[in-house]
Amino acid sequence: MIAEEKKEYDRKRYLRLKEIINERSKKWWKKNGKEYDRQRYKEKRIERLASSKRSYEKYKGKRIAKGKEYRKKHPEVFKKAFQKYLKKADTRIKLNSRSRAGYSKIKKEKCKFCGTTERLEYHHEDYEKDKIIVLCVFCHKKLHRRGLSSIGVDM
């Protein structure tokens, strides 16, 4: 009987202490939590990015293989999605504009911003008016992320 009483006493004590610790923890997080999280986030950011990149590189081949396998097994899914994409009005305008760009007088000689001659693409400022400039892949991505002013191009 004494062992059971001791066990019960220990259990009650444990629960009481746990409650006290939880209360203290809640108070601390309420007071310091946001600042602590921001600081910890900043410190771990580079580490997280490196880990993410390692993981991406490690499993890149597997992901690509799985995607190809899925596409082979389920062509109807992709066919249906593509048909839905083609039905959009702006898609037709873009596709027509892209084909006109291929036959346009503007040739892909060099990037309008950095002057490189490798990996060139057309950029349509307005698909309906066929305003086209030639940019390399990197300047094109930068333009879409930050806007024309970021690469110093005026149309």
# chains A, B, ... in the order shown; residues from 1 in each chain; ligands from 1
>>> residues_around(residues="Val134 (chain A)", least_positions_apart="3", cutoff="10 Å", atoms="only C-alpha atoms", output="number ranges by chain")
A: 106-113, 115, 120-124, 137, 139-140
>>> write_last_selection(atoms="C-alpha atoms", output="CSV table (one decimal), in the first residue's frame")
chain,number,residue,atom,x,y,z
A,106,ILE,CA,14.0,40.8,-84.6
A,107,LYS,CA,16.7,38.1,-84.5
A,108,LYS,CA,18.2,36.6,-81.4
A,109,GLU,CA,21.7,38.1,-81.8
A,110,LYS,CA,22.4,39.4,-78.3
A,111,CYS,CA,20.8,40.3,-75.0
A,112,LYS,CA,19.5,43.9,-75.0
A,113,PHE,CA,20.7,44.4,-71.5
A,115,GLY,CA,25.0,41.8,-74.4
A,120,LEU,CA,18.6,34.0,-75.6
A,121,GLU,CA,14.8,34.4,-75.4
A,122,TYR,CA,12.1,36.7,-76.6
A,123,HIS,CA,10.3,38.9,-74.0
A,124,HIS,CA,6.8,40.1,-74.9
A,137,VAL,CA,17.6,33.7,-69.6
A,139,CYS,CA,18.0,38.9,-67.5
A,140,HIS,CA,14.6,37.6,-68.5
